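One file, data00.cif, is given below (mmCIF, C-alpha atoms).
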data_upload
loop_
_atom_site.label_atom_id
_atom_site.label_comp_id
_atom_site.auth_asym_id
_atom_site.auth_seq_id
_atom_site.Cartn_x
_atom_site.Cartn_y
_atom_site.Cartn_z
CA MET A 1 -1.69 4.78 -21.49
CA ALA A 2 -1.16 8.50 -21.11
CA PRO A 3 -2.32 9.92 -17.77
CA ARG A 4 -5.53 11.86 -17.80
CA LYS A 5 -5.30 15.58 -17.44
CA ARG A 6 -5.97 16.67 -13.89
CA PRO A 7 -8.37 19.58 -13.35
CA GLU A 8 -6.92 22.78 -11.98
CA THR A 9 -6.67 23.44 -8.28
CA GLN A 10 -9.41 25.54 -6.82
CA LYS A 11 -10.36 26.97 -3.49
CA THR A 12 -13.56 25.06 -3.10
CA PRO A 13 -16.63 26.67 -1.61
CA GLU A 14 -17.93 23.20 -0.78
CA VAL A 15 -15.56 22.67 2.13
CA VAL A 16 -17.33 23.00 5.44
CA VAL A 17 -15.05 23.62 8.40
CA ARG A 18 -16.48 24.51 11.73
CA PRO A 19 -15.12 24.49 15.29
CA LYS A 20 -16.73 22.13 17.68
CA SER A 21 -18.79 23.96 20.29
CA LYS A 22 -18.45 23.06 23.94
CA ARG A 23 -21.10 20.79 25.25
CA ASN A 24 -22.41 21.44 28.74
CA ARG A 25 -24.67 18.52 29.30
CA SER A 26 -26.10 17.66 32.66
CA PRO A 27 -25.75 14.24 34.28
CA ARG A 28 -29.52 13.79 33.82
CA GLU A 29 -29.15 14.27 30.05
CA LEU A 30 -26.29 11.79 29.91
CA GLU A 31 -27.96 9.15 32.06
CA PRO A 32 -29.86 7.32 29.25
CA GLU A 33 -26.64 6.92 27.26
CA ALA A 34 -24.75 5.63 30.25
CA LYS A 35 -27.43 3.02 30.94
CA LYS A 36 -26.98 1.62 27.44
CA LEU A 37 -23.41 0.62 28.24
CA CYS A 38 -23.33 -2.62 30.13
CA VAL A 39 -20.43 -4.85 29.15
CA LYS A 40 -19.40 -8.19 30.50
CA GLY A 41 -15.94 -9.71 30.63
CA PRO A 42 -14.63 -13.07 31.78
CA GLY A 43 -15.28 -13.40 35.46
CA THR A 44 -16.54 -9.85 35.86
CA ALA A 45 -19.89 -8.34 36.52
CA CYS A 46 -21.48 -5.73 34.27
CA ALA A 47 -19.96 -2.33 34.75
CA CYS A 48 -20.39 1.03 33.14
CA CYS A 49 -19.05 4.43 33.88
CA PHE A 50 -19.60 7.71 32.06
CA ASN A 51 -17.31 10.68 31.85
CA ASN A 52 -19.00 14.08 31.42
CA SER A 53 -16.62 14.83 28.55
CA ALA A 54 -18.40 12.15 26.47
CA ILE A 55 -15.12 10.29 26.05
CA TRP A 56 -14.96 6.84 27.55
CA GLY A 57 -12.05 5.07 29.18
CA SER A 58 -11.65 1.35 28.97
CA HIS A 59 -9.38 -1.43 30.13
CA ALA A 60 -9.58 -5.04 29.10
CA GLY A 61 -7.22 -7.87 28.42
CA GLY A 62 -5.94 -11.28 29.28
CA TRP A 63 -4.08 -14.27 27.97
CA SER A 64 -5.74 -17.32 26.54
CA GLY A 65 -4.36 -20.67 25.57
CA GLY A 66 -3.48 -21.83 22.09
CA SER A 67 -0.52 -21.47 19.79
CA SER A 68 -0.66 -17.68 19.76
CA ARG A 69 -0.68 -14.96 22.35
CA ARG A 70 -4.25 -13.73 22.40
CA PHE A 71 -5.91 -10.79 24.10
CA ASP A 72 -9.52 -9.98 24.86
CA SER A 73 -10.62 -6.60 23.52
CA GLY A 74 -14.11 -6.64 25.03
CA CYS A 75 -15.36 -3.22 26.04
CA LEU A 76 -14.80 -3.40 29.78
CA TRP A 77 -15.77 0.17 30.59
CA ALA A 78 -13.89 1.61 33.51
CA GLY A 79 -13.56 4.98 35.13
CA LEU A 80 -10.64 7.26 34.57
CA ALA A 81 -9.40 6.39 38.01
CA SER A 82 -8.04 3.15 36.57
CA LEU A 83 -5.85 5.21 34.23
CA ARG A 84 -4.33 7.30 37.01
CA VAL A 85 -0.59 7.66 36.61
CA SER A 86 1.40 5.84 39.25
CA ALA A 87 2.80 7.87 42.10
CA SER A 88 6.37 7.37 40.89
CA CYS A 89 5.48 8.95 37.53
CA SER A 90 2.85 11.46 38.64
CA SER A 91 5.18 14.27 37.67
CA ILE A 92 6.83 14.02 34.26
CA VAL A 93 9.37 16.63 35.31
CA ARG A 94 10.22 14.56 38.37
CA ALA A 95 10.49 11.41 36.24
CA LEU A 96 12.86 13.14 33.83
CA HIS A 97 14.93 14.41 36.75
CA GLN A 98 15.13 10.89 38.21
CA HIS A 99 16.26 9.55 34.83
CA LYS A 100 18.93 12.25 34.57
CA LEU A 101 20.23 11.27 38.02
CA GLY A 102 20.36 7.63 36.96
CA ARG A 103 17.58 6.58 39.35
CA ALA A 104 15.09 5.62 36.65
CA THR A 105 15.67 3.44 33.57
CA TRP A 106 14.63 4.58 30.10
CA PRO A 107 11.87 1.91 29.77
CA SER A 108 10.30 2.99 33.06
CA LEU A 109 10.48 6.61 31.96
CA GLN A 110 8.82 5.75 28.64
CA GLN A 111 6.10 3.85 30.47
CA GLY A 112 5.48 6.84 32.69
CA LEU A 113 5.21 9.15 29.70
CA GLN A 114 2.84 6.73 27.98
CA GLN A 115 0.63 6.52 31.06
CA SER A 116 0.56 10.28 31.26
CA PHE A 117 -0.54 10.46 27.61
CA LEU A 118 -3.29 7.91 28.20
CA HIS A 119 -4.50 9.97 31.13
CA SER A 120 -4.64 13.04 28.86
CA LEU A 121 -7.05 11.31 26.48
CA ALA A 122 -9.83 12.17 28.95
CA SER A 123 -9.64 15.76 27.72
CA TYR A 124 -9.64 14.99 23.99
CA ARG A 125 -12.50 16.48 21.95
CA ILE A 126 -13.40 16.91 18.30
CA PHE A 127 -12.66 20.59 17.81
CA GLN A 128 -12.63 20.75 13.99
CA LYS A 129 -14.71 19.10 11.27
CA ALA A 130 -14.62 19.20 7.49
CA ALA A 131 -16.97 17.69 4.92
CA PRO A 132 -15.37 18.64 1.59
CA PHE A 133 -16.17 15.61 -0.59
CA ASP A 134 -19.18 14.28 -2.46
CA ARG A 135 -17.87 10.74 -1.93
CA ARG A 136 -16.36 9.09 1.14
CA ALA A 137 -12.78 9.79 2.22
CA THR A 138 -10.39 6.93 1.43
CA SER A 139 -6.87 8.00 2.45
CA LEU A 140 -5.12 10.17 5.01
CA ALA A 141 -1.59 11.57 5.46
CA TRP A 142 -0.13 14.05 7.95
CA HIS A 143 2.34 16.65 6.76
CA PRO A 144 5.78 15.59 8.12
CA ALA A 145 6.80 19.13 9.15
CA HIS A 146 3.54 20.96 9.97
CA PRO A 147 1.67 19.25 12.83
CA SER A 148 -1.62 21.04 12.01
CA THR A 149 -1.67 20.15 8.31
CA VAL A 150 -3.29 17.01 6.93
CA ALA A 151 -3.99 15.75 3.39
CA VAL A 152 -7.05 13.62 2.65
CA GLY A 153 -8.11 11.84 -0.55
CA SER A 154 -11.58 10.70 -1.59
CA LYS A 155 -13.25 7.98 -3.61
CA GLY A 156 -13.89 10.52 -6.36
CA GLY A 157 -10.19 11.39 -6.67
CA ASP A 158 -10.52 14.71 -4.81
CA ILE A 159 -7.63 15.74 -2.55
CA MET A 160 -7.74 18.34 0.22
CA LEU A 161 -4.77 19.93 1.97
CA TRP A 162 -6.10 21.32 5.24
CA ASN A 163 -4.20 23.46 7.73
CA PHE A 164 -6.80 23.52 10.49
CA GLY A 165 -4.63 25.84 12.57
CA ILE A 166 -5.55 28.81 10.38
CA LYS A 167 -8.86 30.23 9.19
CA ASP A 168 -8.05 30.17 5.46
CA LYS A 169 -10.00 27.70 3.34
CA PRO A 170 -8.24 24.40 2.59
CA THR A 171 -6.59 23.85 -0.78
CA PHE A 172 -8.76 21.56 -2.88
CA ILE A 173 -7.87 19.54 -5.99
CA LYS A 174 -10.87 18.24 -7.89
CA GLY A 175 -10.71 14.60 -9.01
CA ILE A 176 -12.25 12.84 -12.00
CA GLY A 177 -15.21 11.49 -10.03
CA ALA A 178 -16.27 7.86 -10.36
CA GLY A 179 -13.25 5.60 -10.82
CA GLY A 180 -10.72 8.05 -9.43
CA SER A 181 -10.51 6.76 -5.85
CA ILE A 182 -7.29 7.77 -4.04
CA THR A 183 -5.96 4.52 -2.57
CA GLY A 184 -2.62 5.79 -1.24
CA LEU A 185 -1.33 9.21 -0.24
CA LYS A 186 2.19 10.18 0.91
CA PHE A 187 3.98 13.51 1.17
CA ASN A 188 7.24 13.68 -0.74
CA PRO A 189 9.94 13.55 1.98
CA LEU A 190 12.35 15.42 -0.33
CA ASN A 191 9.88 18.25 -1.04
CA THR A 192 6.86 18.50 1.24
CA ASN A 193 5.05 20.79 -1.21
CA GLN A 194 4.55 17.66 -3.30
CA PHE A 195 2.84 14.34 -2.68
CA PHE A 196 2.58 10.85 -4.14
CA THR A 197 -0.76 9.20 -4.90
CA SER A 198 -1.91 5.80 -6.08
CA SER A 199 -5.41 5.59 -7.49
CA MET A 200 -8.06 3.57 -9.25
CA GLU A 201 -7.52 5.93 -12.17
CA GLY A 202 -4.66 3.59 -13.03
CA THR A 203 -1.62 5.60 -11.98
CA THR A 204 0.90 6.11 -9.22
CA ARG A 205 2.14 9.68 -9.59
CA LEU A 206 3.89 12.64 -8.01
CA GLN A 207 2.00 15.94 -8.05
CA ASP A 208 1.82 19.29 -6.33
CA PHE A 209 -1.01 21.14 -4.66
CA LYS A 210 -1.52 23.31 -7.70
CA GLY A 211 -2.92 20.26 -9.43
CA ASN A 212 0.13 19.64 -11.63
CA THR A 213 1.33 16.10 -12.32
CA LEU A 214 5.11 16.20 -11.95
CA ARG A 215 5.92 12.58 -12.77
CA VAL A 216 3.99 9.38 -13.48
CA PHE A 217 5.76 6.45 -11.82
CA ALA A 218 3.42 3.66 -12.88
CA THR A 219 0.47 3.44 -15.20
CA SER A 220 -1.75 0.57 -16.34
CA ASP A 221 -2.71 -0.12 -19.95
CA THR A 222 -6.21 -1.24 -19.07
CA CYS A 223 -9.08 -0.04 -16.92
CA ASN A 224 -9.14 -3.47 -15.24
CA ILE A 225 -5.85 -2.81 -13.43
CA TRP A 226 -5.31 -0.03 -10.90
CA PHE A 227 -2.98 0.79 -8.03
CA CYS A 228 -4.01 0.17 -4.42
CA SER A 229 -1.05 1.15 -2.24
CA LEU A 230 2.27 2.97 -2.13
CA ASP A 231 5.20 3.88 0.10
CA VAL A 232 8.33 6.01 -0.26
CA SER A 233 11.86 5.78 1.17
CA VAL A 234 13.86 9.00 1.39
CA LYS A 235 17.06 7.15 2.34
CA SER A 236 17.05 4.72 -0.57
CA ARG A 237 15.23 7.15 -2.90
CA VAL A 238 12.70 4.54 -4.01
CA VAL A 239 8.95 4.34 -4.54
CA VAL A 240 7.03 1.08 -4.16
CA THR A 241 3.46 0.53 -5.33
CA GLY A 242 1.08 -2.43 -5.51
CA ASP A 243 -1.87 -3.14 -7.82
CA ASN A 244 -5.17 -5.02 -7.74
CA VAL A 245 -3.87 -8.21 -9.38
CA GLY A 246 -0.92 -8.84 -7.04
CA HIS A 247 1.96 -6.99 -8.71
CA VAL A 248 4.45 -4.89 -6.75
CA ILE A 249 6.61 -2.37 -8.61
CA LEU A 250 9.83 -0.83 -7.28
CA LEU A 251 11.06 2.42 -8.87
CA ASN A 252 13.71 5.00 -8.11
CA MET A 253 12.85 8.67 -7.56
CA ASP A 254 13.59 9.43 -11.22
CA GLY A 255 10.78 7.11 -12.25
CA ARG A 256 13.00 4.28 -13.53
CA GLU A 257 11.46 0.87 -12.90
CA LEU A 258 13.78 -1.45 -10.97
CA TRP A 259 11.50 -4.46 -11.02
CA ASN A 260 7.84 -5.42 -11.51
CA LEU A 261 6.85 -8.77 -10.03
CA ARG A 262 3.65 -10.56 -9.13
CA MET A 263 4.25 -11.11 -5.42
CA HIS A 264 0.68 -12.04 -4.41
CA LYS A 265 -2.15 -13.99 -5.98
CA LYS A 266 -4.65 -11.16 -5.43
CA LYS A 267 -4.86 -7.42 -4.73
CA VAL A 268 -2.00 -5.85 -2.79
CA THR A 269 -3.86 -3.74 -0.24
CA HIS A 270 -0.82 -2.29 1.52
CA VAL A 271 2.94 -1.87 1.08
CA ALA A 272 5.21 -0.58 3.87
CA LEU A 273 8.95 0.07 4.06
CA ASN A 274 10.59 -0.35 7.45
CA PRO A 275 11.42 3.13 8.85
CA CYS A 276 14.77 1.96 10.23
CA CYS A 277 15.79 -0.59 7.58
CA ASP A 278 14.21 0.73 4.43
CA TRP A 279 15.36 -2.25 2.37
CA PHE A 280 12.86 -4.26 4.45
CA LEU A 281 9.41 -4.38 2.79
CA ALA A 282 6.07 -5.71 4.01
CA THR A 283 3.22 -6.39 1.58
CA ALA A 284 -0.38 -7.23 2.56
CA SER A 285 -2.98 -8.81 0.32
CA VAL A 286 -6.52 -10.09 0.11
CA ASP A 287 -4.94 -13.50 -0.59
CA GLN A 288 -4.78 -13.75 3.23
CA THR A 289 -1.03 -13.31 3.54
CA VAL A 290 1.48 -10.70 4.61
CA LYS A 291 4.94 -11.18 3.11
CA ILE A 292 8.30 -9.81 4.21
CA TRP A 293 10.93 -9.03 1.57
CA ASP A 294 14.55 -7.91 1.44
CA LEU A 295 14.66 -5.48 -1.48
CA ARG A 296 18.33 -6.30 -2.01
CA GLN A 297 17.54 -9.96 -2.64
CA VAL A 298 14.26 -9.93 -4.58
CA ARG A 299 14.60 -12.28 -7.55
CA GLY A 300 11.02 -13.46 -8.04
CA LYS A 301 7.70 -14.17 -6.36
CA SER A 302 9.24 -16.92 -4.19
CA SER A 303 12.15 -14.85 -2.87
CA PHE A 304 10.29 -13.52 0.18
CA LEU A 305 11.91 -13.88 3.59
CA TYR A 306 8.70 -14.78 5.42
CA SER A 307 5.08 -15.42 4.55
CA LEU A 308 2.64 -14.74 7.39
CA PRO A 309 -0.70 -16.48 6.75
CA HIS A 310 -3.93 -14.93 8.09
CA ARG A 311 -7.45 -16.31 8.50
CA HIS A 312 -8.98 -13.54 6.40
CA PRO A 313 -7.93 -11.00 3.74
CA VAL A 314 -5.60 -8.33 5.12
CA ASN A 315 -6.22 -4.56 4.93
CA ALA A 316 -2.90 -3.23 6.19
CA ALA A 317 0.59 -4.00 7.53
CA HIS A 318 2.34 -1.16 9.39
CA PHE A 319 5.84 -1.25 10.88
CA SER A 320 6.14 0.42 14.27
CA PRO A 321 8.05 3.74 14.39
CA ASP A 322 11.15 1.96 15.73
CA GLY A 323 10.83 -0.77 13.08
CA ALA A 324 10.78 -3.53 15.70
CA GLN A 325 7.16 -4.64 15.28
CA LEU A 326 4.66 -5.20 12.47
CA LEU A 327 0.96 -4.45 12.95
CA THR A 328 -1.55 -6.16 10.65
CA THR A 329 -5.30 -5.62 10.30
CA ASP A 330 -7.49 -8.23 8.64
CA GLN A 331 -10.93 -7.67 7.12
CA LYS A 332 -12.95 -9.16 9.93
CA SER A 333 -12.00 -9.38 13.58
CA GLU A 334 -8.29 -9.68 14.24
CA ILE A 335 -5.31 -7.39 14.77
CA ARG A 336 -1.88 -8.97 14.96
CA VAL A 337 1.47 -7.75 16.28
CA TYR A 338 4.57 -9.54 14.99
CA SER A 339 8.03 -9.14 16.46
CA ALA A 340 10.67 -8.25 13.88
CA SER A 341 13.27 -10.35 15.68
CA GLN A 342 11.07 -13.47 15.84
CA TRP A 343 8.99 -13.71 12.68
CA ASP A 344 8.56 -17.46 13.11
CA CYS A 345 7.07 -17.10 16.59
CA PRO A 346 3.29 -16.87 17.04
CA PRO A 347 2.10 -13.27 16.91
CA SER A 348 0.14 -11.38 19.53
CA LEU A 349 -3.53 -11.63 18.55
CA ILE A 350 -6.03 -8.92 19.47
CA PRO A 351 -9.66 -9.82 18.72
CA HIS A 352 -11.38 -6.67 17.50
CA PRO A 353 -14.56 -6.06 15.42
CA HIS A 354 -13.82 -4.19 12.17
CA ARG A 355 -15.47 -6.31 9.49
CA HIS A 356 -15.27 -5.40 5.82
CA PHE A 357 -18.17 -3.77 4.00
CA GLN A 358 -18.18 -2.88 0.31
CA HIS A 359 -19.20 0.76 0.76
CA LEU A 360 -17.01 1.38 3.80
CA THR A 361 -13.43 2.63 3.66
CA PRO A 362 -11.44 -0.38 4.99
CA ILE A 363 -10.54 -0.05 8.67
CA LYS A 364 -6.78 0.02 9.30
CA ALA A 365 -5.03 0.00 12.67
CA THR A 366 -2.05 2.37 13.05
CA TRP A 367 0.73 3.05 15.56
CA HIS A 368 1.07 6.09 17.75
CA PRO A 369 4.27 7.86 16.60
CA ARG A 370 5.72 8.25 20.12
CA TYR A 371 4.37 5.42 22.25
CA ASN A 372 3.79 1.70 21.89
CA LEU A 373 0.08 2.19 21.34
CA ILE A 374 -2.28 0.97 18.60
CA VAL A 375 -5.19 3.08 17.36
CA VAL A 376 -8.14 1.55 15.45
CA GLY A 377 -11.81 2.25 14.75
CA ARG A 378 -14.48 -0.17 16.02
CA TYR A 379 -17.32 -1.51 13.86
CA PRO A 380 -19.50 -3.46 16.34
CA ASP A 381 -20.38 -6.93 15.10
CA PRO A 382 -23.28 -8.88 16.67
CA ASN A 383 -21.39 -12.10 15.85
CA PHE A 384 -18.29 -10.98 17.76
CA LYS A 385 -18.09 -13.01 20.96
CA SER A 386 -17.72 -10.05 23.33
CA CYS A 387 -20.29 -7.85 21.56
CA THR A 388 -22.79 -6.19 23.90
CA PRO A 389 -26.12 -4.45 23.31
CA HIS A 390 -25.85 -0.83 22.18
CA GLU A 391 -22.09 -1.11 21.64
CA LEU A 392 -20.61 2.17 20.43
CA ARG A 393 -18.51 2.89 17.34
CA THR A 394 -15.49 4.04 19.26
CA ILE A 395 -11.83 4.66 18.48
CA ASP A 396 -9.95 2.03 20.46
CA VAL A 397 -6.46 2.45 21.89
CA PHE A 398 -4.49 -0.71 22.73
CA ASP A 399 -1.16 -1.25 24.42
CA GLY A 400 1.16 -2.66 21.76
CA SER A 401 3.03 -4.85 24.25
CA SER A 402 0.22 -6.37 26.30
CA GLY A 403 -2.64 -6.06 23.81
CA LYS A 404 -4.87 -4.60 26.52
CA MET A 405 -7.53 -2.04 25.77
CA MET A 406 -6.28 1.19 27.31
CA TYR A 407 -8.86 3.75 26.21
CA GLN A 408 -11.81 4.41 23.93
CA LEU A 409 -12.64 7.76 22.36
CA TYR A 410 -16.25 8.54 21.53
CA ASP A 411 -18.28 11.58 20.60
CA PRO A 412 -22.09 11.17 20.54
CA GLU A 413 -22.39 13.86 17.87
CA SER A 414 -20.04 11.95 15.54
CA SER A 415 -21.11 8.36 16.07
CA GLY A 416 -20.25 6.86 12.66
CA ILE A 417 -17.56 4.31 11.87
CA MET A 418 -14.06 5.77 12.12
CA SER A 419 -12.30 3.87 9.33
CA LEU A 420 -8.95 5.70 9.41
CA ASN A 421 -7.36 7.12 12.55
CA GLU A 422 -3.87 8.52 12.67
CA PHE A 423 -1.93 10.75 15.09
CA ASN A 424 0.21 13.57 13.73
CA PRO A 425 4.03 13.23 13.99
CA MET A 426 4.00 15.11 17.31
CA GLY A 427 1.54 12.54 18.67
CA ASP A 428 -0.81 15.12 20.23
CA THR A 429 -3.53 15.47 17.55
CA LEU A 430 -5.63 12.72 16.00
CA ALA A 431 -7.25 12.83 12.55
CA SER A 432 -10.15 10.49 11.82
CA VAL A 433 -12.05 9.66 8.65
CA MET A 434 -15.78 8.94 9.12
CA GLY A 435 -17.58 8.49 5.81
CA TYR A 436 -17.58 11.90 4.10
CA HIS A 437 -16.22 13.63 7.19
CA ILE A 438 -12.76 14.46 8.48
CA LEU A 439 -12.52 14.92 12.26
CA ILE A 440 -9.69 16.47 14.26
CA TRP A 441 -9.31 15.40 17.90
CA SER A 442 -7.16 17.25 20.41
CA GLN A 443 -7.04 18.14 24.08
CA GLU A 444 -9.79 20.64 24.88
CA GLU A 445 -7.45 23.43 26.02
CA THR A 446 -5.13 22.94 23.01
CA GLY A 447 -8.07 22.82 20.62
CA MET A 448 -9.42 26.10 22.01
CA ARG A 449 -6.05 27.79 21.37
CA LYS A 450 -5.93 26.48 17.81
#
Written as structure tokens, that's how I'd like the structure from this file.
Amino acid sequence: MAPRKRPETQKTPEVVVRPKSKRNRSPRELEPEAKKLCVKGPGTACACCFNNSAIWGSHAGGWSGGSSRRFDSGCLWAGLASLRVSASCSSIVRALHQHKLGRATWPSLQQGLQQSFLHSLASYRIFQKAAPFDRRATSLAWHPAHPSTVAVGSKGGDIMLWNFGIKDKPTFIKGIGAGGSITGLKFNPLNTNQFFTSSMEGTTRLQDFKGNTLRVFATSDTCNIWFCSLDVSVKSRVVVTGDNVGHVILLNMDGRELWNLRMHKKKVTHVALNPCCDWFLATASVDQTVKIWDLRQVRGKSSFLYSLPHRHPVNAAHFSPDGAQLLTTDQKSEIRVYSASQWDCPPSLIPHPHRHFQHLTPIKATWHPRYNLIVVGRYPDPNFKSCTPHELRTIDVFDGSSGKMMYQLYDPESSGIMSLNEFNPMGDTLASVMGYHILIWSQEETGMRK
């Protein structure tokens, strides 16, 4: 089937971008909101604490019995004092100096830097907003070289390239509307003026921000089959894409198909190449499995290295930046962290409410690019065991090693469900997708300069 002609790029007048104004709210104004937050944890009394910045800090965690390591992600609200950096790492400059002198190990230095970053989250605000689409946003990708540039795709096939560091209007590519949902979005690592997309339109393609289709890598011959995920390896020069009936296709950068196999029984929701060993592939599916493959040894649907069963359909499987861990998000209430060196060992389990809803962009947990931290949006569920009255739709930050809740971001003026949350490659700016809206979080002082 020949690809449909894409409409020309236009500078859309529909994009609404506005800086977030500073909120000077008195403690009396904030008091009713603070009283709503009363959360219980095992063996603890109710506690709540409000920060005048309208961003909440939280710690929670613990081990439980069973065959898997399991953590409690209940919203145990705590003051910022509990996030205070230890005295030995209170000065990053001093910590770096100690490391240079051989008096501090690299892991302890990394931990100090991570604690310092967590402490900085107290000053994060939403300083930019955009509402460019007539349908909800469905995909998100940061530009690999420009830390203030993000690309976002919508359910209608629209794509916006937004450099929020300048006042110019974002570049906007109009989609086909109904049936054009962008399911995957990646910048071309060989030419960052181009990007790959997978879509319900029935194609995985390479295009530029002028609206031109440069190459079609995969196309379906029927409207009943579409593509749901993609990833790209610059080292191996390959593109991998998965469809809604369980097929995974591997192609080279010239568009030549290397193989096309049905690797899952149902829709392949996510494909991910390991950033350090790009012949290592993870595929996630609504058939309730995540499978690990060696691209050099794929011979058929049974040639996977490992199959990791889940209790529910799986939305995503992300390798950590160092390639040593795999983060999976199911469609109900569980985040898992697998160790790449011990696939057969029970994973770390983090209970977390993010249930699936038909008209909601699926919630996917992601890694911070610099630290061993997990970022994920919360969709409070009254059936979740640690759910509390008036629970907020926060962005939760977990420690990837311990599974403990380290912090929760919240803005009362943007209180919807944050389905997609991803830090830029520098790790200092967070982009969130909330329905039709795109939100940019940064430290207040940095945001003011931008």
As JSON, what would the box around region 243-248 of chain A look like: edges along x, y and z, 3 Å added on every side, centre and edge lengths in Å to one decimal?
{"center_x": -0.4, "center_y": -6.0, "center_z": -8.1, "size_x": 15.6, "size_y": 11.7, "size_z": 8.6}
Do you know which residues the PyMOL selection byres ((chain A and resi 299) around 12) returns on this file, as an mmCIF file with C-alpha atoms, in the coordinates of the input?
data_model
loop_
_atom_site.group_PDB
_atom_site.id
_atom_site.type_symbol
_atom_site.label_atom_id
_atom_site.label_comp_id
_atom_site.auth_asym_id
_atom_site.auth_seq_id
_atom_site.Cartn_x
_atom_site.Cartn_y
_atom_site.Cartn_z
ATOM 1 C CA LEU A 258 13.780 -1.450 -10.970
ATOM 2 C CA TRP A 259 11.500 -4.460 -11.020
ATOM 3 C CA ASN A 260 7.840 -5.420 -11.510
ATOM 4 C CA LEU A 261 6.850 -8.770 -10.030
ATOM 5 C CA ARG A 262 3.650 -10.560 -9.130
ATOM 6 C CA MET A 263 4.250 -11.110 -5.420
ATOM 7 C CA TRP A 293 10.930 -9.030 1.570
ATOM 8 C CA ASP A 294 14.550 -7.910 1.440
ATOM 9 C CA LEU A 295 14.660 -5.480 -1.480
ATOM 10 C CA ARG A 296 18.330 -6.300 -2.010
ATOM 11 C CA GLN A 297 17.540 -9.960 -2.640
ATOM 12 C CA VAL A 298 14.260 -9.930 -4.580
ATOM 13 C CA GLY A 300 11.020 -13.460 -8.040
ATOM 14 C CA LYS A 301 7.700 -14.170 -6.360
ATOM 15 C CA SER A 302 9.240 -16.920 -4.190
ATOM 16 C CA SER A 303 12.150 -14.850 -2.870
ATOM 17 C CA PHE A 304 10.290 -13.520 0.180
ATOM 18 C CA LEU A 305 11.910 -13.880 3.590
#
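Proximity to region 153-164 of chain A at 7 Å, evaluated using all atoms listed in the file and with sequence-adjacent residues fewer than 6 positions away removed, yields Phe133, Arg135, Arg136, Ala137, Thr138, Ser139, Leu140, Pro170, Thr171, Phe172, Ile173, Lys174, Gly175, Ile176, Gly177, Ala178, Gly179, Gly180, Ser181 and Ile182 of chain A.
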Evaluate the PyMOL selection byres ((chain A and resi 338) around 10) and record the selected residues as a PDB file with C-alpha atoms, keeping the file's coordinate frame, following the chain and residue labels used in the document.
ATOM      1  CA  LEU A 308       2.640 -14.740   7.390  1.00  0.00           C
ATOM      2  CA  PHE A 319       5.840  -1.250  10.880  1.00  0.00           C
ATOM      3  CA  ALA A 324      10.780  -3.530  15.700  1.00  0.00           C
ATOM      4  CA  GLN A 325       7.160  -4.640  15.280  1.00  0.00           C
ATOM      5  CA  LEU A 326       4.660  -5.200  12.470  1.00  0.00           C
ATOM      6  CA  LEU A 327       0.960  -4.450  12.950  1.00  0.00           C
ATOM      7  CA  THR A 328      -1.550  -6.160  10.650  1.00  0.00           C
ATOM      8  CA  ARG A 336      -1.880  -8.970  14.960  1.00  0.00           C
ATOM      9  CA  VAL A 337       1.470  -7.750  16.280  1.00  0.00           C
ATOM     10  CA  SER A 339       8.030  -9.140  16.460  1.00  0.00           C
ATOM     11  CA  ALA A 340      10.670  -8.250  13.880  1.00  0.00           C
ATOM     12  CA  SER A 341      13.270 -10.350  15.680  1.00  0.00           C
ATOM     13  CA  GLN A 342      11.070 -13.470  15.840  1.00  0.00           C
ATOM     14  CA  TRP A 343       8.990 -13.710  12.680  1.00  0.00           C
ATOM     15  CA  ASP A 344       8.560 -17.460  13.110  1.00  0.00           C
ATOM     16  CA  CYS A 345       7.070 -17.100  16.590  1.00  0.00           C
ATOM     17  CA  PRO A 346       3.290 -16.870  17.040  1.00  0.00           C
ATOM     18  CA  PRO A 347       2.100 -13.270  16.910  1.00  0.00           C
ATOM     19  CA  SER A 348       0.140 -11.380  19.530  1.00  0.00           C
ATOM     20  CA  LEU A 349      -3.530 -11.630  18.550  1.00  0.00           C
TER      21      LEU A 349
END
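Residues lying within 7 Å of (-2.2, 9.2, 9.1). Counted over all atoms listed in the file, they are Leu140, Ala141, Trp142, Asn421, Glu422, Phe423 and Asn424 of chain A.
When all atoms listed in the file are used to compute distances to Arg355 (chain A), the closest of the residues A:Leu214, A:His312, A:His390, A:Leu420 turns out to be A:His312.
Picture a line from CA of Pro369 (chain A) to CA of Asp322 (chain A); it runs 9.1 Å.
When CA of Gln443 (chain A) is paired with CA of Ser123 (chain A), their separation reads 5.1 Å.
Going from CA of Lys235 (chain A) to CA of Phe280 (chain A) covers 12.3 Å.
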Selection dump of the PyMOL selection byres ((chain A and resi 365) around 9), as number ranges by chain: A: 316-318, 327-329, 335, 363-364, 366-367, 374-377, 419-422
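Here the question is which of A:Gly427, A:Pro351, A:Gly246, A:Pro147 gets nearest to Arg370 (chain A) using all atoms listed in the file, and that residue is A:Gly427.
For the residues A:Phe384, A:Ser220, A:Ser233, A:Asn372, ranking by smallest atom-to-atom distance to Ser402 (chain A) using only C-alpha atoms places A:Asn372 first.
In this comparison, which uses all atoms listed in the file, the residue of A:Glu257, A:Asp330, A:Asp221, A:Glu413 approaching Thr269 (chain A) most closely is A:Asp330.
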Can you tell me, as a VMD selection string, what residues are no more than 10 Å from Val314 (chain A) when counting all atoms listed in the file, ignoring any on the same chain fewer than 5 positions away? chain A and resid 267 to 270 283 to 290 309 328 to 332 334 to 335 362 364
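Residue nearest Val150 (chain A), chosen from A:Arg215, A:Ser442, A:Ser432, A:Ser333 and counting only C-alpha atoms: A:Ser432.
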Closest to Thr204 (chain A) among A:Tyr407, A:Trp441, A:Phe217, A:Tyr379, using all atoms listed in the file? A:Phe217
